[in-house]
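Dumped model.cif below, it's mmCIF, C-alpha atoms:
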```cif
data_input
loop_
_atom_site.label_atom_id
_atom_site.label_comp_id
_atom_site.auth_asym_id
_atom_site.auth_seq_id
_atom_site.Cartn_x
_atom_site.Cartn_y
_atom_site.Cartn_z
CA MET A 1 -23.14 13.93 9.94
CA ALA A 2 -23.90 14.78 13.54
CA TYR A 3 -23.14 12.20 16.21
CA SER A 4 -25.59 11.71 19.06
CA ASN A 5 -24.55 12.95 22.52
CA LYS A 6 -24.13 9.38 23.72
CA VAL A 7 -21.79 8.55 20.86
CA LEU A 8 -19.78 11.71 21.56
CA ASP A 9 -19.60 10.85 25.25
CA HIS A 10 -18.23 7.37 24.55
CA TYR A 11 -15.92 8.74 21.89
CA ASN A 12 -14.47 11.43 24.14
CA HIS A 13 -14.44 9.27 27.26
CA PRO A 14 -14.17 5.69 26.05
CA ARG A 15 -14.73 3.16 28.85
CA ASN A 16 -12.46 0.19 29.42
CA VAL A 17 -9.85 0.89 26.77
CA GLY A 18 -6.94 -1.47 27.00
CA SER A 19 -6.11 -5.11 26.78
CA LEU A 20 -6.10 -8.26 28.87
CA ASP A 21 -3.56 -11.05 28.72
CA LYS A 22 -4.76 -13.10 25.81
CA ASN A 23 -2.84 -16.14 27.11
CA ASP A 24 -4.84 -16.14 30.35
CA PRO A 25 -7.12 -19.21 30.14
CA ASN A 26 -10.02 -17.16 31.54
CA VAL A 27 -9.69 -14.44 28.92
CA GLY A 28 -11.53 -14.59 25.61
CA THR A 29 -10.36 -12.39 22.74
CA GLY A 30 -12.45 -11.30 19.77
CA MET A 31 -10.83 -9.54 16.84
CA VAL A 32 -13.10 -8.36 14.03
CA GLY A 33 -12.90 -5.88 11.21
CA ALA A 34 -14.64 -4.18 8.33
CA PRO A 35 -12.37 -3.71 5.32
CA GLU A 36 -14.67 -1.19 3.58
CA CYS A 37 -14.07 1.40 6.27
CA GLY A 38 -10.72 0.11 7.53
CA ASP A 39 -12.04 -0.60 11.02
CA VAL A 40 -10.46 -3.12 13.37
CA MET A 41 -11.94 -3.91 16.76
CA LYS A 42 -10.45 -6.01 19.55
CA LEU A 43 -12.69 -6.91 22.46
CA GLN A 44 -11.67 -9.05 25.42
CA VAL A 45 -13.52 -10.51 28.38
CA ARG A 46 -12.22 -12.08 31.58
CA VAL A 47 -14.63 -14.65 32.91
CA ASN A 48 -14.72 -16.02 36.43
CA PRO A 49 -14.58 -19.78 35.77
CA GLU A 50 -16.47 -20.56 39.03
CA THR A 51 -19.45 -18.31 38.38
CA GLY A 52 -19.35 -17.86 34.60
CA ILE A 53 -19.68 -14.12 35.16
CA ILE A 54 -17.73 -11.60 33.08
CA GLU A 55 -15.64 -9.66 35.58
CA GLU A 56 -13.71 -7.49 33.22
CA ALA A 57 -14.10 -6.36 29.62
CA LYS A 58 -11.61 -4.32 27.60
CA PHE A 59 -11.54 -3.05 24.05
CA LYS A 60 -9.35 -1.27 21.55
CA THR A 61 -10.89 -0.04 18.32
CA PHE A 62 -9.37 1.70 15.34
CA GLY A 63 -12.19 3.24 13.39
CA CYS A 64 -14.86 5.91 13.30
CA GLY A 65 -16.60 7.44 16.31
CA SER A 66 -19.56 5.08 16.04
CA ALA A 67 -17.34 2.01 16.01
CA ILE A 68 -15.48 3.25 19.08
CA ALA A 69 -18.72 4.13 20.88
CA SER A 70 -20.32 0.78 20.00
CA SER A 71 -17.43 -1.22 21.43
CA SER A 72 -17.07 1.07 24.45
CA LEU A 73 -20.77 0.60 25.25
CA ALA A 74 -20.44 -3.15 24.70
CA THR A 75 -17.71 -3.46 27.34
CA GLU A 76 -19.86 -1.48 29.78
CA TRP A 77 -22.77 -3.82 29.23
CA LEU A 78 -20.64 -6.96 29.43
CA HIS A 79 -19.44 -6.13 32.91
CA GLY A 80 -21.18 -8.42 35.43
CA LYS A 81 -23.13 -10.36 32.84
CA SER A 82 -23.06 -14.13 32.47
CA VAL A 83 -21.65 -15.58 29.29
CA ASP A 84 -25.14 -16.46 28.06
CA GLU A 85 -26.49 -13.01 28.85
CA ALA A 86 -23.58 -11.56 26.90
CA LEU A 87 -24.48 -13.62 23.86
CA ALA A 88 -28.01 -12.21 24.02
CA ILE A 89 -26.76 -8.66 23.35
CA LYS A 90 -27.99 -7.65 19.90
CA ASN A 91 -26.63 -5.01 17.61
CA THR A 92 -30.07 -3.39 17.60
CA ASP A 93 -29.72 -2.79 21.36
CA ILE A 94 -26.56 -0.81 20.62
CA VAL A 95 -28.22 1.05 17.74
CA ASN A 96 -31.08 2.11 20.01
CA GLU A 97 -28.91 3.10 22.95
CA LEU A 98 -26.57 5.22 20.83
CA SER A 99 -29.20 6.43 18.33
CA LEU A 100 -26.98 5.32 15.46
CA PRO A 101 -28.12 6.44 12.01
CA PRO A 102 -28.69 3.77 9.32
CA VAL A 103 -25.27 4.35 7.70
CA LYS A 104 -23.59 3.47 11.00
CA ILE A 105 -25.51 0.31 11.80
CA HIS A 106 -22.60 -1.81 10.55
CA CYS A 107 -20.54 -0.46 13.47
CA SER A 108 -22.98 -2.01 15.93
CA VAL A 109 -22.91 -5.25 13.95
CA LEU A 110 -19.14 -5.23 14.31
CA ALA A 111 -19.47 -4.82 18.09
CA GLU A 112 -21.94 -7.72 18.29
CA ASP A 113 -19.57 -9.86 16.22
CA ALA A 114 -16.71 -8.91 18.54
CA ILE A 115 -18.68 -9.99 21.64
CA LYS A 116 -19.57 -13.31 20.01
CA ALA A 117 -15.98 -13.88 18.90
CA ALA A 118 -14.61 -13.11 22.39
CA ILE A 119 -17.08 -15.46 24.08
CA ALA A 120 -16.40 -18.18 21.50
CA ASP A 121 -12.68 -17.85 22.15
CA TYR A 122 -13.24 -18.11 25.92
CA LYS A 123 -15.48 -21.17 25.51
CA LYS A 124 -12.94 -22.83 23.26
CA LYS A 125 -10.23 -22.30 25.88
CA ALA A 126 -12.49 -23.44 28.71
CA GLY A 127 -13.37 -26.53 26.66
CA THR A 128 -9.77 -27.52 26.03
CA LYS A 129 -8.96 -26.81 29.66
CA SER A 130 -11.59 -29.17 31.06
CA ASP A 131 -10.60 -31.77 28.46
CA SER A 132 -7.02 -31.68 29.62
CA VAL A 133 -8.17 -31.88 33.25
CA ALA A 134 -10.32 -34.89 32.42
CA ALA A 135 -7.40 -36.51 30.63
CA GLN A 136 -5.14 -36.25 33.66
CA MET B 1 -38.32 0.80 -20.98
CA TRP B 2 -38.36 -2.83 -19.94
CA LEU B 3 -36.60 -3.78 -23.15
CA ARG B 4 -33.84 -1.29 -22.48
CA ASN B 5 -33.31 -2.64 -18.98
CA PHE B 6 -33.33 -6.13 -20.35
CA ILE B 7 -30.64 -5.37 -22.90
CA PHE B 8 -28.41 -3.68 -20.35
CA SER B 9 -28.78 -6.39 -17.78
CA VAL B 10 -27.71 -9.02 -20.27
CA ASN B 11 -24.78 -7.06 -21.58
CA GLY B 12 -22.01 -6.82 -19.04
CA TYR B 13 -19.32 -4.17 -19.28
CA TYR B 14 -16.99 -6.45 -21.21
CA GLU B 15 -19.58 -7.25 -23.86
CA LEU B 16 -20.58 -3.63 -24.06
CA LEU B 17 -17.03 -2.67 -25.00
CA GLY B 18 -16.54 -5.77 -27.11
CA ILE B 19 -13.53 -7.13 -25.29
CA GLU B 20 -12.65 -10.52 -23.94
CA ARG B 21 -13.60 -11.10 -20.32
CA LYS B 22 -10.14 -11.14 -18.75
CA LEU B 23 -8.80 -9.66 -15.55
CA SER B 24 -5.52 -8.62 -17.15
CA LEU B 25 -6.37 -5.99 -19.72
CA ASP B 26 -4.45 -3.96 -22.24
CA VAL B 27 -5.56 -0.52 -21.15
CA ALA B 28 -4.61 1.03 -24.50
CA GLU B 29 -6.85 -1.42 -26.33
CA LEU B 30 -9.63 -0.85 -23.84
CA GLN B 31 -9.39 2.88 -24.44
CA GLN B 32 -9.48 2.41 -28.20
CA ARG B 33 -12.62 0.26 -27.99
CA PHE B 34 -14.22 2.79 -25.73
CA TYR B 35 -13.54 5.60 -28.23
CA GLU B 36 -14.89 3.52 -31.13
CA ARG B 37 -18.07 2.58 -29.33
CA SER B 38 -18.56 6.09 -28.04
CA ARG B 39 -18.32 7.49 -31.58
CA GLU B 40 -20.90 4.94 -32.77
CA TRP B 41 -23.33 6.01 -30.09
CA HIS B 42 -22.50 9.69 -29.96
CA PRO B 43 -25.76 11.56 -29.24
CA ASP B 44 -24.95 14.11 -32.02
CA LYS B 45 -25.38 11.36 -34.58
CA PHE B 46 -28.89 10.78 -33.31
CA ALA B 47 -30.05 14.39 -33.28
CA ARG B 48 -32.46 13.84 -36.19
CA LYS B 49 -33.63 10.43 -35.00
CA SER B 50 -36.77 9.55 -33.06
CA GLU B 51 -37.13 10.33 -29.37
CA ALA B 52 -36.68 6.64 -28.50
CA GLU B 53 -33.50 6.32 -30.52
CA ARG B 54 -32.08 9.51 -29.05
CA GLN B 55 -32.78 8.16 -25.59
CA GLN B 56 -31.13 4.88 -26.45
CA ALA B 57 -28.01 6.67 -27.68
CA LEU B 58 -27.85 8.64 -24.45
CA ASP B 59 -28.24 5.49 -22.36
CA MET B 60 -25.59 3.67 -24.33
CA SER B 61 -23.16 6.57 -23.98
CA SER B 62 -23.58 6.67 -20.25
CA GLN B 63 -23.31 2.87 -19.95
CA LEU B 64 -20.13 2.96 -22.03
CA ASN B 65 -18.71 5.58 -19.71
CA ASP B 66 -19.48 3.46 -16.67
CA ALA B 67 -17.99 0.39 -18.32
CA TYR B 68 -14.78 2.19 -19.28
CA ARG B 69 -14.33 3.84 -15.92
CA THR B 70 -14.82 0.52 -14.13
CA LEU B 71 -12.66 -1.65 -16.35
CA ARG B 72 -9.70 0.68 -16.76
CA ASP B 73 -9.02 0.61 -13.00
CA PRO B 74 -7.58 -2.78 -11.91
CA VAL B 75 -9.17 -2.66 -8.46
CA LYS B 76 -12.63 -1.65 -9.73
CA ARG B 77 -12.32 -4.21 -12.50
CA ALA B 78 -11.54 -6.96 -9.99
CA GLN B 79 -14.45 -5.87 -7.79
CA TYR B 80 -16.74 -5.87 -10.81
CA VAL B 81 -15.77 -9.40 -11.86
CA LEU B 82 -16.03 -10.62 -8.25
CA SER B 83 -19.55 -9.27 -7.91
CA GLU B 84 -20.50 -10.73 -11.30
CA GLU B 85 -19.24 -14.08 -10.06
CA GLY B 86 -21.47 -13.87 -7.01
CA PHE B 87 -18.93 -12.66 -4.45
CA ASP B 88 -20.21 -10.14 -1.96
CA VAL B 89 -17.76 -7.27 -2.24
CA GLY B 90 -19.61 -4.46 -0.51
CA GLU B 91 -20.95 -5.36 2.90
CA GLN B 92 -18.51 -7.96 4.07
CA ARG B 93 -18.49 -8.87 7.68
CA SER B 94 -15.69 -9.99 9.89
CA ARG B 95 -16.12 -13.69 9.22
CA ASP B 96 -14.79 -13.13 5.70
CA VAL B 97 -11.59 -11.47 6.86
CA PRO B 98 -8.75 -13.82 7.78
CA PRO B 99 -7.71 -13.44 11.46
CA GLU B 100 -4.02 -13.02 10.53
CA LEU B 101 -4.93 -9.97 8.49
CA LEU B 102 -6.91 -8.42 11.35
CA GLU B 103 -4.04 -9.13 13.72
CA GLU B 104 -1.58 -7.51 11.34
CA VAL B 105 -3.75 -4.43 10.74
CA PHE B 106 -4.33 -4.09 14.47
CA GLU B 107 -0.60 -4.17 15.20
CA LEU B 108 0.13 -1.65 12.44
CA ASN B 109 -2.53 0.65 13.87
CA MET B 110 -1.02 0.29 17.35
CA ALA B 111 2.40 1.22 16.02
CA LEU B 112 0.91 4.17 14.19
CA GLU B 113 -0.89 5.34 17.31
CA GLU B 114 2.36 5.41 19.22
CA LEU B 115 3.85 7.74 16.65
CA ARG B 116 0.78 9.89 16.54
CA GLY B 117 0.23 13.06 18.49
CA GLY B 118 3.95 13.30 18.99
CA ASP B 119 6.03 16.39 18.35
CA GLU B 120 8.35 17.02 15.42
CA THR B 121 10.42 13.96 16.35
CA ALA B 122 7.54 11.73 15.27
CA LYS B 123 7.79 13.01 11.72
CA GLU B 124 10.65 10.80 10.64
CA PRO B 125 9.21 7.50 11.92
CA LEU B 126 5.86 8.47 10.43
CA GLU B 127 7.47 8.96 7.05
CA ALA B 128 9.25 5.64 7.46
CA ALA B 129 5.89 4.03 8.28
CA ARG B 130 4.39 5.63 5.20
CA SER B 131 7.03 4.27 2.84
CA ASN B 132 6.63 0.88 4.51
CA PHE B 133 2.89 0.94 3.76
CA GLU B 134 3.59 2.10 0.21
CA ARG B 135 5.90 -0.88 -0.22
CA MET B 136 3.22 -3.21 1.11
CA LEU B 137 0.78 -1.72 -1.38
CA GLU B 138 3.21 -2.37 -4.23
CA GLU B 139 3.55 -5.97 -3.11
CA VAL B 140 -0.23 -6.33 -3.02
CA ASP B 141 -0.51 -4.94 -6.54
CA LEU B 142 2.17 -7.31 -7.78
CA GLU B 143 0.30 -10.20 -6.18
CA MET B 144 -2.94 -8.94 -7.72
CA GLY B 145 -1.36 -9.10 -11.19
CA LYS B 146 -0.37 -12.72 -10.54
CA LEU B 147 -3.90 -13.64 -9.48
CA PHE B 148 -5.30 -11.88 -12.56
CA ALA B 149 -3.07 -14.00 -14.80
CA ALA B 150 -3.98 -17.16 -12.88
CA TRP B 151 -7.70 -16.54 -13.27
CA ASP B 152 -7.35 -15.67 -16.96
CA ALA B 153 -5.51 -18.94 -17.52
CA MET B 154 -8.00 -20.98 -15.51
CA PRO B 155 -11.11 -19.40 -13.96
CA ALA B 156 -11.13 -21.10 -10.56
CA ARG B 157 -13.25 -19.83 -7.69
CA GLU B 158 -10.39 -20.25 -5.20
CA THR B 159 -8.43 -17.69 -7.17
CA LEU B 160 -11.28 -15.21 -6.86
CA ALA B 161 -11.61 -15.90 -3.14
CA GLU B 162 -7.92 -15.18 -2.80
CA LEU B 163 -8.34 -12.04 -4.85
CA ARG B 164 -11.08 -10.79 -2.59
CA GLY B 165 -8.87 -11.35 0.45
CA LEU B 166 -6.13 -9.39 -1.27
CA LEU B 167 -8.49 -6.50 -2.03
CA ASN B 168 -9.41 -6.37 1.67
CA ARG B 169 -5.75 -6.17 2.58
CA ARG B 170 -5.26 -3.44 0.01
CA LYS B 171 -8.15 -1.43 1.46
CA TYR B 172 -6.73 -1.69 4.98
CA ILE B 173 -3.27 -0.58 3.84
CA GLN B 174 -4.72 2.36 1.90
CA ASN B 175 -6.57 3.34 5.02
CA LEU B 176 -3.37 3.26 7.06
CA ILE B 177 -1.64 5.48 4.50
CA GLN B 178 -4.50 7.96 4.81
CA GLU B 179 -4.10 7.91 8.58
CA VAL B 180 -0.37 8.64 8.29
CA ASP B 181 -1.05 11.45 5.85
CA LYS B 182 -3.49 13.00 8.29
CA GLU B 183 -0.68 13.10 10.85
CA LEU B 184 1.90 14.41 8.43
CA ALA B 185 -0.34 17.16 7.05
CA PRO B 186 0.51 20.53 8.58
CA ALA B 187 -2.03 21.46 11.23
CA ALA B 188 -4.69 23.70 9.70
#
```
Is it possible to express this structure as structure tokens?
Amino acid sequence: MAYSNKVLDHYNHPRNVGSLDKNDPNVGTGMVGAPECGDVMKLQVRVNPETGIIEEAKFKTFGCGSAIASSSLATEWLHGKSVDEALAIKNTDIVNELSLPPVKIHCSVLAEDAIKAAIADYKKKAGTKSDSVAAQ
Amino acid sequence: MWLRNFIFSVNGYYELLGIERKLSLDVAELQQRFYERSREWHPDKFARKSEAERQQALDMSSQLNDAYRTLRDPVKRAQYVLSEEGFDVGEQRSRDVPPELLEEVFELNMALEELRGGDETAKEPLEAARSNFERMLEEVDLEMGKLFAAWDAMPARETLAELRGLLNRRKYIQNLIQEVDKELAPAA
């Protein structure tokens, strides 16, 4: 199967590969996977607590080219977005941007799940943080 | 045609082969049943029969083949029973995979990546990694046998849910072994 040029570009030059300190209270971590193809995807965001803007996004994916491209693109898009804007990213946006064929749509779903999981993790941390502040 | 579909949809693989619906199977017995049934429905025996009967014999033979091939393999058998019991075994999404498993698979992949692309010195640790994964696979299979026995003794849904989790783990480990083999294979 031929990959689109955009997929190849992300695959050969993945953006924002790496990791953030998952113990940082402003960092949200999303870890998702698809057992059928053996993929695992970790996506992290660092949110500015004052502005609610995502200032940094990193990923590390073990999987096929489409899974790597989907998560690489996701981190690019997350940069500078608010948490709510990030949650509005749909897998179909990724499919369209990368021209993913139907058999690779699940890779974009995985990336959307990873974004949602990372944001949920950040919100959970932010929630417990303000609770503990309020309790003091 | 509709009648044929009806018959096949009612008869699961176990019924088709005339064996008890258990997860732990005696493969020798399964094979014997398969041979018996296949002889009964052998298309040669239907050569002088009507077109409809010949077609039925062909259909039965192919169904029997599918049934045997599915049930003789423990993993395929487990997947078959899981799907019959309403578990989604194909297109699972992340929410069904326990986070500890993802964490573990991620770490194993990271370790593998460090060994990868190395020179000859990476060969030994890669082989060590491979035998480690093989050992994990053996443990999974042992655990699978236990869950089979548990479900046969008492068909509880929790057991099947556990089984599905185990099959996911198995798939991930198999994948890691494939990745190691890719590294160990001499460059083409």
Output the contact residues of chain B with respect to chain A at a cut-off of 12 Å, based on only C-alpha atoms, as a PyMOL selection string. chain B and resi 88-113+164-179
Residue nearest B:Leu163 - candidates B:Lys182, B:Lys146, B:Lys45, B:Arg21, atoms counted: all atoms listed in the file: B:Lys146
For A:Gly52, list every protein, DNA or RNA residue within 9 Å, evaluated using all atoms listed in the file, and leave out those in the same chain fewer than 2 positions away; present the list as number ranges by chain. A: 47-50, 54, 81-84
I'd like the box whose edges run along x, y and z of the file and which contains every listed atom of stretch 13-16 of chain A, padded by 8 Å per side; could you state its centre and edge lengths in Å, one decimal, as lines of an AutoDock Vina configuration file?
```
center_x = -13.6
center_y = 4.7
center_z = 27.7
size_x = 18.3
size_y = 25.1
size_z = 19.4
```
Evaluate the PyMOL selection byres ((chain A and resi 85-90) around 12) on the structure here and hand back the selected residues as a PyMOL selection string. chain A and resi 45+47+52-55+57+70+73-84+91-97+105+108-120+123
I'd like to see the residues matched by the PyMOL selection byres ((chain A and resi 68) around 9) on this file, and ideally I'd get them as a count of residues only. 20
Selection: 7 Å around B:Leu17, all atoms listed in the file, excl. self and same-chain fewer than 6 positions, as a ChimeraX atom specification: /B:33-34,37
In Å, how far is it from atom CA of B:Asn65 to atom CA of B:Glu15?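 So the answer is 13.5 Å.
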Expand the PyMOL selection byres ((chain A and resi 58) around 6) into the individual residues it matches in the shown file, reporting them as a ChimeraX atom specification. /A:16-19,43-44,57,59
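Once B:Asp44 and its same-chain neighbours fewer than 2 positions away are set aside, Ser38, Arg39, Glu40, Trp41, His42, Phe46, Ala47, Arg48, Lys49, Glu53, Arg54, Gln55, Ala57, Leu58 and Ser61 of chain B remain within 12 Å of it when counting only C-alpha atoms.
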I want to know what sits within 12 Å of B:Ala122, based on all atoms listed in the file, with residues of the same chain fewer than 6 positions away left out; could you give that as a list in words?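 Near neighbours after the sequence-gap exclusion: Ala111, Leu112, Glu113, Glu114, Leu115, Arg116, Ala128, Ala129, Val180, Glu183 and Leu184 of chain B.
Note that the spacing between atom CA of B:Ala78 and atom CA of B:Glu139 amounts to 16.6 Å.
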Pairwise distance for atom CA of A:Leu98 and atom CA of A:Arg46, rounded to one decimal in Å: 24.9 Å
Counting only C-alpha atoms, the residue of A:Asn26, A:Asn5, A:Thr51, A:Ser99 that sits nearest A:Ala126: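 Closest to A:Ala126 of all the choices is A:Asn26.
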Under the rule that all atoms listed in the file are counted, which of B:Met144, B:Glu138, B:Arg72, B:Ala161 is the nearest residue to B:Ala28?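 The answer is B:Arg72, which sits nearest to B:Ala28.
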